[in-house]
$ cat coords_4.pdb   # PDB, C-alpha atoms, pLDDT in the B column
ATOM      1  CA  MET A   1      -4.091-180.531  96.450  1.00 64.00           C
ATOM      2  CA  CYS A   2      -3.140-182.639  99.422  1.00 80.00           C
ATOM      3  CA  GLY A   3       0.435-183.934  99.177  1.00 92.00           C
ATOM      4  CA  ARG A   4       1.355-184.747 102.790  1.00 96.00           C
ATOM      5  CA  PHE A   5      -0.683-185.338 105.907  1.00 98.00           C
ATOM      6  CA  VAL A   6      -0.462-186.442 109.527  1.00 98.00           C
ATOM      7  CA  GLN A   7      -2.087-189.417 111.222  1.00 98.00           C
ATOM      8  CA  THR A   8      -2.072-190.106 114.955  1.00 97.00           C
ATOM      9  CA  PRO A   9      -4.129-192.422 117.189  1.00 96.00           C
ATOM     10  CA  ILE A  10      -7.704-191.211 117.698  1.00 95.00           C
ATOM     11  CA  ARG A  11      -8.487-191.467 121.392  1.00 89.00           C
ATOM     12  CA  ASN A  12     -12.134-190.371 121.384  1.00 82.00           C
ATOM     13  CA  ALA A  13     -13.517-192.494 118.560  1.00 82.00           C
ATOM     14  CA  ASP A  14     -16.634-193.386 120.559  1.00 77.00           C
ATOM     15  CA  THR A  15     -17.624-189.746 120.993  1.00 78.00           C
ATOM     16  CA  LEU A  16     -16.932-189.100 117.305  1.00 82.00           C
ATOM     17  CA  GLY A  17     -19.538-191.683 116.356  1.00 85.00           C
ATOM     18  CA  PHE A  18     -17.334-194.737 115.722  1.00 90.00           C
ATOM     19  CA  PRO A  19     -17.925-196.941 118.804  1.00 90.00           C
ATOM     20  CA  GLN A  20     -17.234-200.075 116.756  1.00 91.00           C
ATOM     21  CA  LEU A  21     -13.833-198.748 115.661  1.00 94.00           C
ATOM     22  CA  VAL A  22     -12.483-197.561 119.026  1.00 94.00           C
ATOM     23  CA  GLY A  23      -9.664-200.115 119.154  1.00 95.00           C
ATOM     24  CA  ASP A  24      -8.698-199.763 115.511  1.00 95.00           C
ATOM     25  CA  LEU A  25      -8.601-195.956 115.548  1.00 96.00           C
ATOM     26  CA  LEU A  26      -6.662-195.959 118.792  1.00 95.00           C
ATOM     27  CA  SER A  27      -4.119-198.242 117.096  1.00 95.00           C
ATOM     28  CA  ILE A  28      -3.454-195.963 114.103  1.00 97.00           C
ATOM     29  CA  PRO A  29       0.340-195.733 113.773  1.00 97.00           C
ATOM     30  CA  GLU A  30       1.768-192.271 114.332  1.00 97.00           C
ATOM     31  CA  SER A  31       3.039-190.694 111.123  1.00 98.00           C
ATOM     32  CA  TYR A  32       3.900-187.014 110.989  1.00 98.00           C
ATOM     33  CA  ASN A  33       4.783-186.794 107.300  1.00 98.00           C
ATOM     34  CA  LEU A  34       2.748-189.251 105.255  1.00 98.00           C
ATOM     35  CA  ALA A  35       3.773-189.060 101.613  1.00 96.00           C
ATOM     36  CA  PRO A  36       2.387-190.554  98.387  1.00 95.00           C
ATOM     37  CA  THR A  37       2.786-194.350  97.957  1.00 93.00           C
ATOM     38  CA  GLN A  38       3.166-194.776 101.729  1.00 95.00           C
ATOM     39  CA  ARG A  39       0.534-196.696 103.676  1.00 96.00           C
ATOM     40  CA  ALA A  40      -2.066-194.947 105.774  1.00 98.00           C
ATOM     41  CA  SER A  41      -5.105-195.943 107.820  1.00 98.00           C
ATOM     42  CA  VAL A  42      -8.393-195.651 105.941  1.00 98.00           C
ATOM     43  CA  ILE A  43     -12.022-196.203 107.024  1.00 97.00           C
ATOM     44  CA  LEU A  44     -14.026-198.237 104.515  1.00 97.00           C
ATOM     45  CA  ASP A  45     -16.663-200.960 104.213  1.00 96.00           C
ATOM     46  CA  ARG A  46     -15.962-204.147 102.256  1.00 94.00           C
ATOM     47  CA  GLY A  47     -19.537-205.333 102.789  1.00 92.00           C
ATOM     48  CA  THR A  48     -19.216-206.398 106.413  1.00 91.00           C
ATOM     49  CA  GLY A  49     -19.405-203.021 108.149  1.00 92.00           C
ATOM     50  CA  LEU A  50     -16.942-200.251 108.881  1.00 95.00           C
ATOM     51  CA  GLN A  51     -13.321-201.222 109.253  1.00 96.00           C
ATOM     52  CA  VAL A  52      -9.917-199.548 109.415  1.00 97.00           C
ATOM     53  CA  THR A  53      -7.470-200.801 106.790  1.00 96.00           C
ATOM     54  CA  ARG A  54      -3.916-199.844 105.831  1.00 96.00           C
ATOM     55  CA  LEU A  55      -3.779-198.871 102.157  1.00 97.00           C
ATOM     56  CA  SER A  56      -1.146-197.322  99.881  1.00 96.00           C
ATOM     57  CA  TRP A  57      -1.672-193.656  98.948  1.00 97.00           C
ATOM     58  CA  GLY A  58      -2.213-193.233  95.227  1.00 96.00           C
ATOM     59  CA  LEU A  59      -5.193-194.937  93.588  1.00 96.00           C
ATOM     60  CA  LEU A  60      -4.412-197.781  91.181  1.00 95.00           C
ATOM     61  CA  PRO A  61      -7.500-198.738  89.138  1.00 94.00           C
ATOM     62  CA  PHE A  62      -7.829-202.380  88.118  1.00 90.00           C
ATOM     63  CA  TRP A  63      -6.644-201.585  84.585  1.00 92.00           C
ATOM     64  CA  ALA A  64      -3.427-199.819  85.655  1.00 93.00           C
ATOM     65  CA  LYS A  65      -0.366-201.150  83.842  1.00 91.00           C
ATOM     66  CA  ALA A  66       2.339-199.290  85.789  1.00 89.00           C
ATOM     67  CA  LYS A  67       2.812-198.450  89.450  1.00 89.00           C
ATOM     68  CA  LYS A  68       4.042-194.973  88.527  1.00 88.00           C
ATOM     69  CA  LEU A  69       0.408-193.991  87.926  1.00 90.00           C
ATOM     70  CA  GLN A  70       0.169-193.588  91.709  1.00 90.00           C
ATOM     71  CA  GLY A  71       2.076-190.340  91.439  1.00 87.00           C
ATOM     72  CA  SER A  72      -0.796-188.699  89.569  1.00 92.00           C
ATOM     73  CA  THR A  73      -3.729-190.247  91.437  1.00 96.00           C
ATOM     74  CA  ILE A  74      -3.090-189.225  95.058  1.00 96.00           C
ATOM     75  CA  ASN A  75      -5.877-186.644  94.717  1.00 97.00           C
ATOM     76  CA  ALA A  76      -9.160-186.634  92.812  1.00 97.00           C
ATOM     77  CA  ARG A  77     -10.704-183.273  91.988  1.00 97.00           C
ATOM     78  CA  ILE A  78     -14.347-182.964  93.002  1.00 98.00           C
ATOM     79  CA  GLU A  79     -15.058-181.531  89.555  1.00 97.00           C
ATOM     80  CA  THR A  80     -13.996-184.731  87.738  1.00 97.00           C
ATOM     81  CA  VAL A  81     -14.020-187.505  90.355  1.00 98.00           C
ATOM     82  CA  ALA A  82     -17.248-189.000  88.992  1.00 97.00           C
ATOM     83  CA  THR A  83     -16.153-189.005  85.340  1.00 97.00           C
ATOM     84  CA  LYS A  84     -12.369-189.385  85.112  1.00 97.00           C
ATOM     85  CA  PRO A  85     -11.504-192.950  83.986  1.00 96.00           C
ATOM     86  CA  ALA A  86      -9.080-193.540  86.872  1.00 96.00           C
ATOM     87  CA  PHE A  87     -11.723-192.645  89.474  1.00 97.00           C
ATOM     88  CA  ARG A  88     -15.249-193.141  88.166  1.00 96.00           C
ATOM     89  CA  SER A  89     -15.544-196.846  89.029  1.00 97.00           C
ATOM     90  CA  ALA A  90     -14.318-196.317  92.584  1.00 97.00           C
ATOM     91  CA  PHE A  91     -16.563-193.290  93.004  1.00 98.00           C
ATOM     92  CA  LYS A  92     -19.595-195.435  92.227  1.00 97.00           C
ATOM     93  CA  LYS A  93     -18.965-198.082  94.887  1.00 96.00           C
ATOM     94  CA  ARG A  94     -15.611-197.794  96.700  1.00 98.00           C
ATOM     95  CA  ARG A  95     -15.582-194.620  98.759  1.00 98.00           C
ATOM     96  CA  CYS A  96     -13.707-194.167 102.028  1.00 98.00           C
ATOM     97  CA  LEU A  97     -12.723-191.718 104.755  1.00 98.00           C
ATOM     98  CA  ILE A  98      -9.148-190.870 105.659  1.00 98.00           C
ATOM     99  CA  PRO A  99      -8.586-189.787 109.281  1.00 97.00           C
ATOM    100  CA  MET A 100      -6.126-186.899 109.577  1.00 97.00           C
ATOM    101  CA  ALA A 101      -4.677-184.953 112.464  1.00 97.00           C
ATOM    102  CA  GLY A 102      -3.913-182.279 109.870  1.00 97.00           C
ATOM    103  CA  TYR A 103      -2.173-181.803 106.562  1.00 97.00           C
ATOM    104  CA  TYR A 104       0.570-179.699 104.969  1.00 97.00           C
ATOM    105  CA  GLU A 105       0.516-177.109 102.234  1.00 96.00           C
ATOM    106  CA  TRP A 106       3.286-174.879 100.916  1.00 95.00           C
ATOM    107  CA  SER A 107       3.792-171.200 100.179  1.00 92.00           C
ATOM    108  CA  VAL A 108       6.710-169.589  98.349  1.00 89.00           C
ATOM    109  CA  ASN A 109       8.999-167.558 100.583  1.00 87.00           C
ATOM    110  CA  ALA A 110       9.389-164.027  99.203  1.00 84.00           C
ATOM    111  CA  GLU A 111      12.939-163.719 100.527  1.00 86.00           C
ATOM    112  CA  ASP A 112      14.622-166.808  99.091  1.00 89.00           C
ATOM    113  CA  GLY A 113      12.022-168.210  96.685  1.00 84.00           C
ATOM    114  CA  LYS A 114      11.936-171.559  98.482  1.00 89.00           C
ATOM    115  CA  LYS A 115       8.813-173.386  99.650  1.00 92.00           C
ATOM    116  CA  ASP A 116       7.700-173.107 103.274  1.00 94.00           C
ATOM    117  CA  PRO A 117       5.375-175.806 104.661  1.00 96.00           C
ATOM    118  CA  TRP A 118       2.341-174.927 106.774  1.00 97.00           C
ATOM    119  CA  PHE A 119       0.507-177.305 109.095  1.00 97.00           C
ATOM    120  CA  ILE A 120      -3.261-176.941 108.711  1.00 97.00           C
ATOM    121  CA  HIS A 121      -5.463-178.563 111.332  1.00 97.00           C
ATOM    122  CA  ALA A 122      -8.661-178.337 113.389  1.00 96.00           C
ATOM    123  CA  ALA A 123      -9.397-178.743 117.080  1.00 93.00           C
ATOM    124  CA  GLY A 124     -10.127-182.451 116.622  1.00 92.00           C
ATOM    125  CA  PRO A 125      -9.592-185.269 114.108  1.00 94.00           C
ATOM    126  CA  LEU A 126     -10.464-184.566 110.481  1.00 96.00           C
ATOM    127  CA  LEU A 127     -12.088-186.992 108.042  1.00 97.00           C
ATOM    128  CA  ALA A 128     -11.216-186.501 104.383  1.00 98.00           C
ATOM    129  CA  ALA A 129     -13.442-187.979 101.685  1.00 98.00           C
ATOM    130  CA  GLY A 130     -11.636-190.428  99.433  1.00 98.00           C
ATOM    131  CA  LEU A 131     -11.781-193.451  97.136  1.00 98.00           C
ATOM    132  CA  TRP A 132     -10.180-196.874  97.403  1.00 98.00           C
ATOM    133  CA  GLU A 133      -9.316-199.838  95.200  1.00 97.00           C
ATOM    134  CA  ASP A 134      -8.481-203.445  96.029  1.00 94.00           C
ATOM    135  CA  THR A 135      -4.941-204.722  95.857  1.00 88.00           C
ATOM    136  CA  SER A 136      -3.110-204.652  92.546  1.00 86.00           C
ATOM    137  CA  PRO A 137      -0.558-207.081  91.064  1.00 87.00           C
ATOM    138  CA  LEU A 138       1.665-204.012  90.735  1.00 88.00           C
ATOM    139  CA  LEU A 139       1.970-203.804  94.524  1.00 88.00           C
ATOM    140  CA  ASP A 140       3.711-205.905  97.156  1.00 85.00           C
ATOM    141  CA  PRO A 141       1.874-209.177  97.910  1.00 83.00           C
ATOM    142  CA  ASP A 142       0.894-208.025 101.417  1.00 85.00           C
ATOM    143  CA  ASN A 143      -0.641-204.755 100.198  1.00 85.00           C
ATOM    144  CA  LEU A 144      -4.411-204.539 100.730  1.00 89.00           C
ATOM    145  CA  GLY A 145      -5.134-201.825  98.188  1.00 95.00           C
ATOM    146  CA  THR A 146      -4.816-198.137  97.381  1.00 97.00           C
ATOM    147  CA  PHE A 147      -6.667-194.897  98.118  1.00 98.00           C
ATOM    148  CA  ASN A 148      -6.765-191.223  97.285  1.00 98.00           C
ATOM    149  CA  VAL A 149      -8.113-187.958  98.689  1.00 98.00           C
ATOM    150  CA  ILE A 150     -10.907-185.938  97.074  1.00 98.00           C
ATOM    151  CA  THR A 151     -10.122-182.218  96.878  1.00 97.00           C
ATOM    152  CA  GLY A 152     -12.152-179.070  96.292  1.00 96.00           C
ATOM    153  CA  ASP A 153     -11.728-175.320  96.486  1.00 94.00           C
ATOM    154  CA  SER A 154     -10.020-174.041  99.611  1.00 91.00           C
ATOM    155  CA  SER A 155     -11.764-171.883 102.177  1.00 89.00           C
ATOM    156  CA  GLY A 156     -10.834-170.237 105.454  1.00 86.00           C
ATOM    157  CA  VAL A 157      -7.165-170.181 106.432  1.00 89.00           C
ATOM    158  CA  SER A 158      -6.372-172.821 103.826  1.00 88.00           C
ATOM    159  CA  ALA A 159      -7.306-170.439 101.031  1.00 87.00           C
ATOM    160  CA  ASP A 160      -4.510-168.100 102.081  1.00 87.00           C
ATOM    161  CA  ILE A 161      -1.945-170.829 101.376  1.00 92.00           C
ATOM    162  CA  HIS A 162      -3.296-172.955  98.522  1.00 91.00           C
ATOM    163  CA  ASP A 163      -6.351-172.963  96.271  1.00 88.00           C
ATOM    164  CA  ARG A 164      -7.232-176.624  96.920  1.00 94.00           C
ATOM    165  CA  MET A 165      -7.958-178.605 100.082  1.00 95.00           C
ATOM    166  CA  PRO A 166      -9.397-182.012 101.017  1.00 97.00           C
ATOM    167  CA  VAL A 167     -13.186-182.275 101.120  1.00 98.00           C
ATOM    168  CA  TRP A 168     -14.140-182.905 104.748  1.00 97.00           C
ATOM    169  CA  LEU A 169     -17.024-185.020 106.016  1.00 97.00           C
ATOM    170  CA  THR A 170     -18.150-185.847 109.546  1.00 94.00           C
ATOM    171  CA  ALA A 171     -18.252-189.159 111.392  1.00 93.00           C
ATOM    172  CA  GLY A 172     -22.050-188.960 111.321  1.00 92.00           C
ATOM    173  CA  GLN A 173     -21.944-189.027 107.518  1.00 95.00           C
ATOM    174  CA  ALA A 174     -19.700-192.088 107.282  1.00 94.00           C
ATOM    175  CA  ASP A 175     -22.291-194.786 106.635  1.00 94.00           C
ATOM    176  CA  GLU A 176     -24.196-192.635 104.167  1.00 96.00           C
ATOM    177  CA  TRP A 177     -21.036-191.585 102.307  1.00 97.00           C
ATOM    178  CA  LEU A 178     -19.834-195.154 101.885  1.00 97.00           C
ATOM    179  CA  ALA A 179     -23.192-196.544 100.748  1.00 96.00           C
ATOM    180  CA  ALA A 180     -24.794-193.642  98.850  1.00 97.00           C
ATOM    181  CA  GLU A 181     -25.661-193.709  95.183  1.00 97.00           C
ATOM    182  CA  PRO A 182     -23.202-191.650  93.122  1.00 98.00           C
ATOM    183  CA  ASP A 183     -25.511-188.644  92.737  1.00 98.00           C
ATOM    184  CA  ASP A 184     -26.174-188.548  96.466  1.00 98.00           C
ATOM    185  CA  ALA A 185     -22.468-188.946  97.222  1.00 98.00           C
ATOM    186  CA  MET A 186     -21.695-185.988  94.965  1.00 98.00           C
ATOM    187  CA  ALA A 187     -24.360-183.938  96.723  1.00 98.00           C
ATOM    188  CA  MET A 188     -22.630-184.684 100.027  1.00 98.00           C
ATOM    189  CA  LEU A 189     -19.310-183.473  98.662  1.00 98.00           C
ATOM    190  CA  LEU A 190     -20.804-180.288  97.261  1.00 97.00           C
ATOM    191  CA  ALA A 191     -22.582-179.541 100.549  1.00 97.00           C
ATOM    192  CA  SER A 192     -19.480-180.157 102.662  1.00 96.00           C
ATOM    193  CA  GLU A 193     -18.685-177.412 105.147  1.00 91.00           C
ATOM    194  CA  PRO A 194     -15.122-177.528 106.511  1.00 90.00           C
ATOM    195  CA  PRO A 195     -14.603-177.108 110.250  1.00 92.00           C
ATOM    196  CA  ALA A 196     -12.779-174.137 111.697  1.00 94.00           C
ATOM    197  CA  MET A 197      -9.112-174.587 110.837  1.00 95.00           C
ATOM    198  CA  GLU A 198      -5.842-173.137 112.032  1.00 96.00           C
ATOM    199  CA  ALA A 199      -2.527-172.906 110.157  1.00 96.00           C
ATOM    200  CA  TYR A 200       1.018-172.152 111.167  1.00 96.00           C
ATOM    201  CA  ARG A 201       4.380-172.438 109.468  1.00 97.00           C
ATOM    202  CA  VAL A 202       6.596-175.413 110.260  1.00 97.00           C
ATOM    203  CA  SER A 203      10.156-176.498 109.487  1.00 96.00           C
ATOM    204  CA  ARG A 204      11.281-177.163 105.928  1.00 96.00           C
ATOM    205  CA  ALA A 205      12.308-180.583 107.232  1.00 97.00           C
ATOM    206  CA  VAL A 206       8.776-181.578 106.186  1.00 97.00           C
ATOM    207  CA  ASN A 207       9.895-181.207 102.568  1.00 95.00           C
ATOM    208  CA  THR A 208      11.904-184.444 102.883  1.00 95.00           C
ATOM    209  CA  PRO A 209       9.565-187.466 103.241  1.00 94.00           C
ATOM    210  CA  ARG A 210      12.086-189.502 105.239  1.00 94.00           C
ATOM    211  CA  ASN A 211      11.772-186.956 108.046  1.00 97.00           C
ATOM    212  CA  ASN A 212       8.937-188.280 110.176  1.00 97.00           C
ATOM    213  CA  ARG A 213       8.863-187.176 113.793  1.00 97.00           C
ATOM    214  CA  GLU A 214       6.509-185.279 116.083  1.00 98.00           C
ATOM    215  CA  ALA A 215       8.822-182.263 116.170  1.00 97.00           C
ATOM    216  CA  LEU A 216       7.774-181.530 112.564  1.00 98.00           C
ATOM    217  CA  LEU A 217       4.595-180.051 114.039  1.00 98.00           C
ATOM    218  CA  ASP A 218       6.504-177.427 116.037  1.00 97.00           C
ATOM    219  CA  PRO A 219       5.774-173.907 114.747  1.00 97.00           C
ATOM    220  CA  VAL A 220       8.537-171.716 113.368  1.00 92.00           C
ATOM    221  CA  ALA A 221       8.562-167.957 112.991  1.00 78.00           C
ATOM    222  CA  ALA A 222       6.628-166.823 109.943  1.00 64.00           C
TER     223      ALA A 222
END

$ encode --input "coords_4.pdb" --output "C-alpha cells"
Amino acid sequence: MCGRFVQTPIRNADTLGFPQLVGDLLSIPESYNLAPTQRASVILDRGTGLQVTRLSWGLLPFWAKAKKLQGSTINARIETVATKPAFRSAFKKRRCLIPMAGYYEWSVNAEDGKKDPWFIHAAGPLLAAGLWEDTSPLLDPDNLGTFNVITGDSSGVSADIHDRMPVWLTAGQADEWLAAEPDDAMAMLLASEPPAMEAYRVSRAVNTPRNNREALLDPVAA
C-alpha cells in the first residue's frame, strides 16, 4: 500500500515534459509526511488541459454517505481498480497523476517489535497513477475533490520492505493515461516499469502525522 508520501516543488518540470505546468509544479507546497485525508497536489484534466489541483487523499465516490469511507479508499489495487464499485466510475474517466518526491513504508523491528519507517525514492520526481473525484457534500465547502493512489506488486528495493507499491508512470504518458479508454489505461498500468529506487530507514517520528518537517528525510542507522 501507500500510506504516507512526500511532495516538494518540482524545479525541472519543463524537462520532465510539463512545460505548461512549470509554475504550478514549482509552487507545490512542501510536505514531508502527507497522510490520508490531507490535501496534496494532483495532475489531472477537467476537459481544458492539464492542471495541478489540491485534492483530499481518500477517494469519495458520488454515492458516498460518510466521510469515514476515505480511510479505506486511499489506495486502489490494480487487480480490482476497474471493477470495485468505489473506483470503477473514476477509472473510466477520472484518472490522475500524483507527483511524489518519495514515499514511506514500514518494516517490523526484530528487536522491539515496533514499526520502522523507510523512505523510498528515485533520483528524480515520481509520478504515481491515481484516480480522482469531484468535490463531495461530505467535505469542506472549499474542497475541490478527492484522489487515491493505484498500487501493484512491489519490485526492487521496495519488495524488501512491503509487498505493494504505487504504480509509476512517466510524464510522457500523462496525456495518454488521462484520456485513454479503460482497457488501454489498464494496459498502461500492467506494462508499468518502476524506475531505479533507493530506500533507507528514517526516524519513527514519521509515524505521527503531525510531524512534518524536512528532517524526517534524514537517514538513521538500520

$ residues_near_point --input "coords_4.pdb" --point "(-2.3, -191.7, 97.5)" --cutoff "6 Å" --atoms "only C-alpha atoms" --output "PDB file with C-alpha atoms, in the frame of the given file"
ATOM      1  CA  PRO A  36       2.387-190.554  98.387  1.00 95.00           C
ATOM      2  CA  THR A  37       2.786-194.350  97.957  1.00 93.00           C
ATOM      3  CA  TRP A  57      -1.672-193.656  98.948  1.00 97.00           C
ATOM      4  CA  GLY A  58      -2.213-193.233  95.227  1.00 96.00           C
ATOM      5  CA  LEU A  59      -5.193-194.937  93.588  1.00 96.00           C
ATOM      6  CA  ILE A  74      -3.090-189.225  95.058  1.00 96.00           C
ATOM      7  CA  PHE A 147      -6.667-194.897  98.118  1.00 98.00           C
ATOM      8  CA  ASN A 148      -6.765-191.223  97.285  1.00 98.00           C
TER       9      ASN A 148
END

$ residues_around --input "coords_4.pdb" --residues "Arg77 in chain A" --least-positions-apart "5" --cutoff "8 Å" --atoms "only C-alpha atoms" --output "JSON, numbers by chain"
{"A": [150, 151, 152]}

$ residues_around --input "coords_4.pdb" --residues "range 5-13 of chain A" --least-positions-apart "5" --cutoff "12 Å" --atoms "all atoms listed in the file" --output "compact mmCIF listing (two decimals) with C-alpha atoms, keeping the file's coordinate frame"
# COMPACT_ATOMS: atom_id res chain seq x y z
CA PHE A 18 -17.33 -194.74 115.72
CA PRO A 19 -17.92 -196.94 118.80
CA GLN A 20 -17.23 -200.08 116.76
CA LEU A 21 -13.83 -198.75 115.66
CA VAL A 22 -12.48 -197.56 119.03
CA GLY A 23 -9.66 -200.12 119.15
CA ASP A 24 -8.70 -199.76 115.51
CA LEU A 25 -8.60 -195.96 115.55
CA LEU A 26 -6.66 -195.96 118.79
CA SER A 27 -4.12 -198.24 117.10
CA ILE A 28 -3.45 -195.96 114.10
CA PRO A 29 0.34 -195.73 113.77
CA GLU A 30 1.77 -192.27 114.33
CA SER A 31 3.04 -190.69 111.12
CA TYR A 32 3.90 -187.01 110.99
CA ASN A 33 4.78 -186.79 107.30
CA LEU A 34 2.75 -189.25 105.26
CA ALA A 35 3.77 -189.06 101.61
CA PRO A 36 2.39 -190.55 98.39
CA GLN A 38 3.17 -194.78 101.73
CA ARG A 39 0.53 -196.70 103.68
CA ALA A 40 -2.07 -194.95 105.77
CA SER A 41 -5.11 -195.94 107.82
CA VAL A 42 -8.39 -195.65 105.94
CA VAL A 52 -9.92 -199.55 109.42
CA ARG A 54 -3.92 -199.84 105.83
CA TRP A 57 -1.67 -193.66 98.95
CA ILE A 74 -3.09 -189.22 95.06
CA ILE A 98 -9.15 -190.87 105.66
CA PRO A 99 -8.59 -189.79 109.28
CA MET A 100 -6.13 -186.90 109.58
CA ALA A 101 -4.68 -184.95 112.46
CA GLY A 102 -3.91 -182.28 109.87
CA TYR A 103 -2.17 -181.80 106.56
CA TYR A 104 0.57 -179.70 104.97
CA GLU A 105 0.52 -177.11 102.23
CA PRO A 117 5.38 -175.81 104.66
CA TRP A 118 2.34 -174.93 106.77
CA PHE A 119 0.51 -177.30 109.10
CA ILE A 120 -3.26 -176.94 108.71
CA HIS A 121 -5.46 -178.56 111.33
CA GLY A 124 -10.13 -182.45 116.62
CA PRO A 125 -9.59 -185.27 114.11
CA LEU A 126 -10.46 -184.57 110.48
CA LEU A 127 -12.09 -186.99 108.04
CA ALA A 128 -11.22 -186.50 104.38
CA VAL A 149 -8.11 -187.96 98.69
CA MET A 165 -7.96 -178.60 100.08
CA PRO A 166 -9.40 -182.01 101.02
CA ALA A 171 -18.25 -189.16 111.39
CA GLY A 172 -22.05 -188.96 111.32
CA VAL A 206 8.78 -181.58 106.19
CA ASN A 207 9.90 -181.21 102.57
CA PRO A 209 9.56 -187.47 103.24
CA ASN A 212 8.94 -188.28 110.18
CA ARG A 213 8.86 -187.18 113.79
CA GLU A 214 6.51 -185.28 116.08
CA LEU A 216 7.77 -181.53 112.56
CA LEU A 217 4.60 -180.05 114.04

$ atom_distance --input "coords_4.pdb" --atom1 "CA of Asp134 in chain A" --atom2 "CA of Pro61 in chain A"
8.4 Å

$ resolve_selection --input "coords_4.pdb" --expression "the PyMOL selection byres ((chain A and resi 159) around 12)" --output "list in words"
Met1, Glu105, Trp106, Ser107, Ile120, Gly152, Asp153, Ser154, Ser155, Gly156, Val157, Ser158, Asp160, Ile161, His162, Asp163, Arg164, Met165, Pro166, Pro194, Met197, Glu198 and Ala199 of chain A

$ residues_near_point --input "coords_4.pdb" --point "(11.2, -169.7, 113.1)" --cutoff "10 Å" --atoms "only C-alpha atoms" --output "PyMOL selection string"
chain A and resi 201-203+218-222

$ closest_residue --input "coords_4.pdb" --among "A:Ala86, A:Glu133, A:Leu16, A:Val167" --to "Leu69 in chain A" --atoms "only C-alpha atoms"
A:Ala86

$ closest_residue --input "coords_4.pdb" --among "A:Thr53, A:Asn211, A:Thr15, A:Gln70" --to "Ser136 in chain A" --atoms "all atoms listed in the file"
A:Gln70

$ closest_residue --input "coords_4.pdb" --among "A:Ala215, A:Met186, A:Lys115, A:Thr208" --to "Glu79 in chain A" --atoms "all atoms listed in the file"
A:Met186

$ closest_residue --input "coords_4.pdb" --among "A:Ala123, A:Leu55, A:Cys96, A:Ala191" --to "Asp175 in chain A" --atoms "all atoms listed in the file"
A:Cys96

$ resolve_selection --input "coords_4.pdb" --expression "the PyMOL selection byres ((chain A and resi 177) around 12)" --output "VMD selection string"
chain A and resid 43 to 45 50 91 to 97 127 to 131 168 to 176 178 to 189 192

$ atom_distance --input "coords_4.pdb" --atom1 "CA of Cys2 in chain A" --atom2 "CA of Gly49 in chain A"
27.5 Å

$ atom_distance --input "coords_4.pdb" --atom1 "CA of Ala90 in chain A" --atom2 "CA of Trp132 in chain A"
6.4 Å

$ axis_aligned_box --input "coords_4.pdb" --around "range 129-132 of chain A" --padding-each-side "3 Å" --output "lines of an AutoDock Vina configuration file"
center_x = -11.8
center_y = -192.4
center_z = 99.4
size_x = 9.3
size_y = 14.9
size_z = 10.5

$ closest_residue --input "coords_4.pdb" --among "A:Ala110, A:Asp142, A:Phe87, A:Asp116" --to "Ser72 in chain A" --atoms "only C-alpha atoms"
A:Phe87

$ closest_residue --input "coords_4.pdb" --among "A:Ala64, A:Gly17, A:Gly3, A:Thr48" --to "Thr146 in chain A" --atoms "only C-alpha atoms"
A:Ala64

$ build_atoms --input "coords_4.pdb" --residues "range 19-28 of chain A" --atoms "N, CA, C and O atoms" --output "JSON list (two decimals), in the coordinates of the input"
[["chain", "number", "residue", "atom", "x", "y", "z"],
["A", 19, "PRO", "N", -18.15, -196.06, 117.65],
["A", 19, "PRO", "CA", -17.92, -196.94, 118.80],
["A", 19, "PRO", "C", -17.37, -198.30, 118.41],
["A", 19, "PRO", "O", -16.63, -198.93, 119.17],
["A", 20, "GLN", "N", -17.70, -198.77, 117.20],
["A", 20, "GLN", "CA", -17.23, -200.08, 116.76],
["A", 20, "GLN", "C", -15.78, -200.06, 116.30],
["A", 20, "GLN", "O", -15.18, -201.11, 116.07],
["A", 21, "LEU", "N", -15.20, -198.86, 116.16],
["A", 21, "LEU", "CA", -13.83, -198.75, 115.66],
["A", 21, "LEU", "C", -12.87, -198.20, 116.72],
["A", 21, "LEU", "O", -11.75, -197.83, 116.37],
["A", 22, "VAL", "N", -13.30, -198.17, 117.98],
["A", 22, "VAL", "CA", -12.48, -197.56, 119.03],
["A", 22, "VAL", "C", -11.07, -198.14, 119.06],
["A", 22, "VAL", "O", -10.07, -197.42, 119.04],
["A", 23, "GLY", "N", -10.97, -199.47, 119.08],
["A", 23, "GLY", "CA", -9.66, -200.12, 119.15],
["A", 23, "GLY", "C", -8.82, -199.87, 117.93],
["A", 23, "GLY", "O", -7.62, -199.58, 118.04],
["A", 24, "ASP", "N", -9.45, -199.95, 116.76],
["A", 24, "ASP", "CA", -8.70, -199.76, 115.51],
["A", 24, "ASP", "C", -8.18, -198.33, 115.35],
["A", 24, "ASP", "O", -7.05, -198.11, 114.92],
["A", 25, "LEU", "N", -9.02, -197.35, 115.70],
["A", 25, "LEU", "CA", -8.60, -195.96, 115.55],
["A", 25, "LEU", "C", -7.58, -195.56, 116.61],
["A", 25, "LEU", "O", -6.72, -194.71, 116.36],
["A", 26, "LEU", "N", -7.66, -196.21, 117.76],
["A", 26, "LEU", "CA", -6.66, -195.96, 118.79],
["A", 26, "LEU", "C", -5.31, -196.56, 118.42],
["A", 26, "LEU", "O", -4.27, -196.13, 118.90],
["A", 27, "SER", "N", -5.34, -197.54, 117.51],
["A", 27, "SER", "CA", -4.12, -198.24, 117.10],
["A", 27, "SER", "C", -3.50, -197.68, 115.82],
["A", 27, "SER", "O", -2.54, -198.25, 115.30],
["A", 28, "ILE", "N", -4.04, -196.57, 115.30],
["A", 28, "ILE", "CA", -3.45, -195.96, 114.10],
["A", 28, "ILE", "C", -1.99, -195.62, 114.39],
["A", 28, "ILE", "O", -1.70, -194.92, 115.36]]
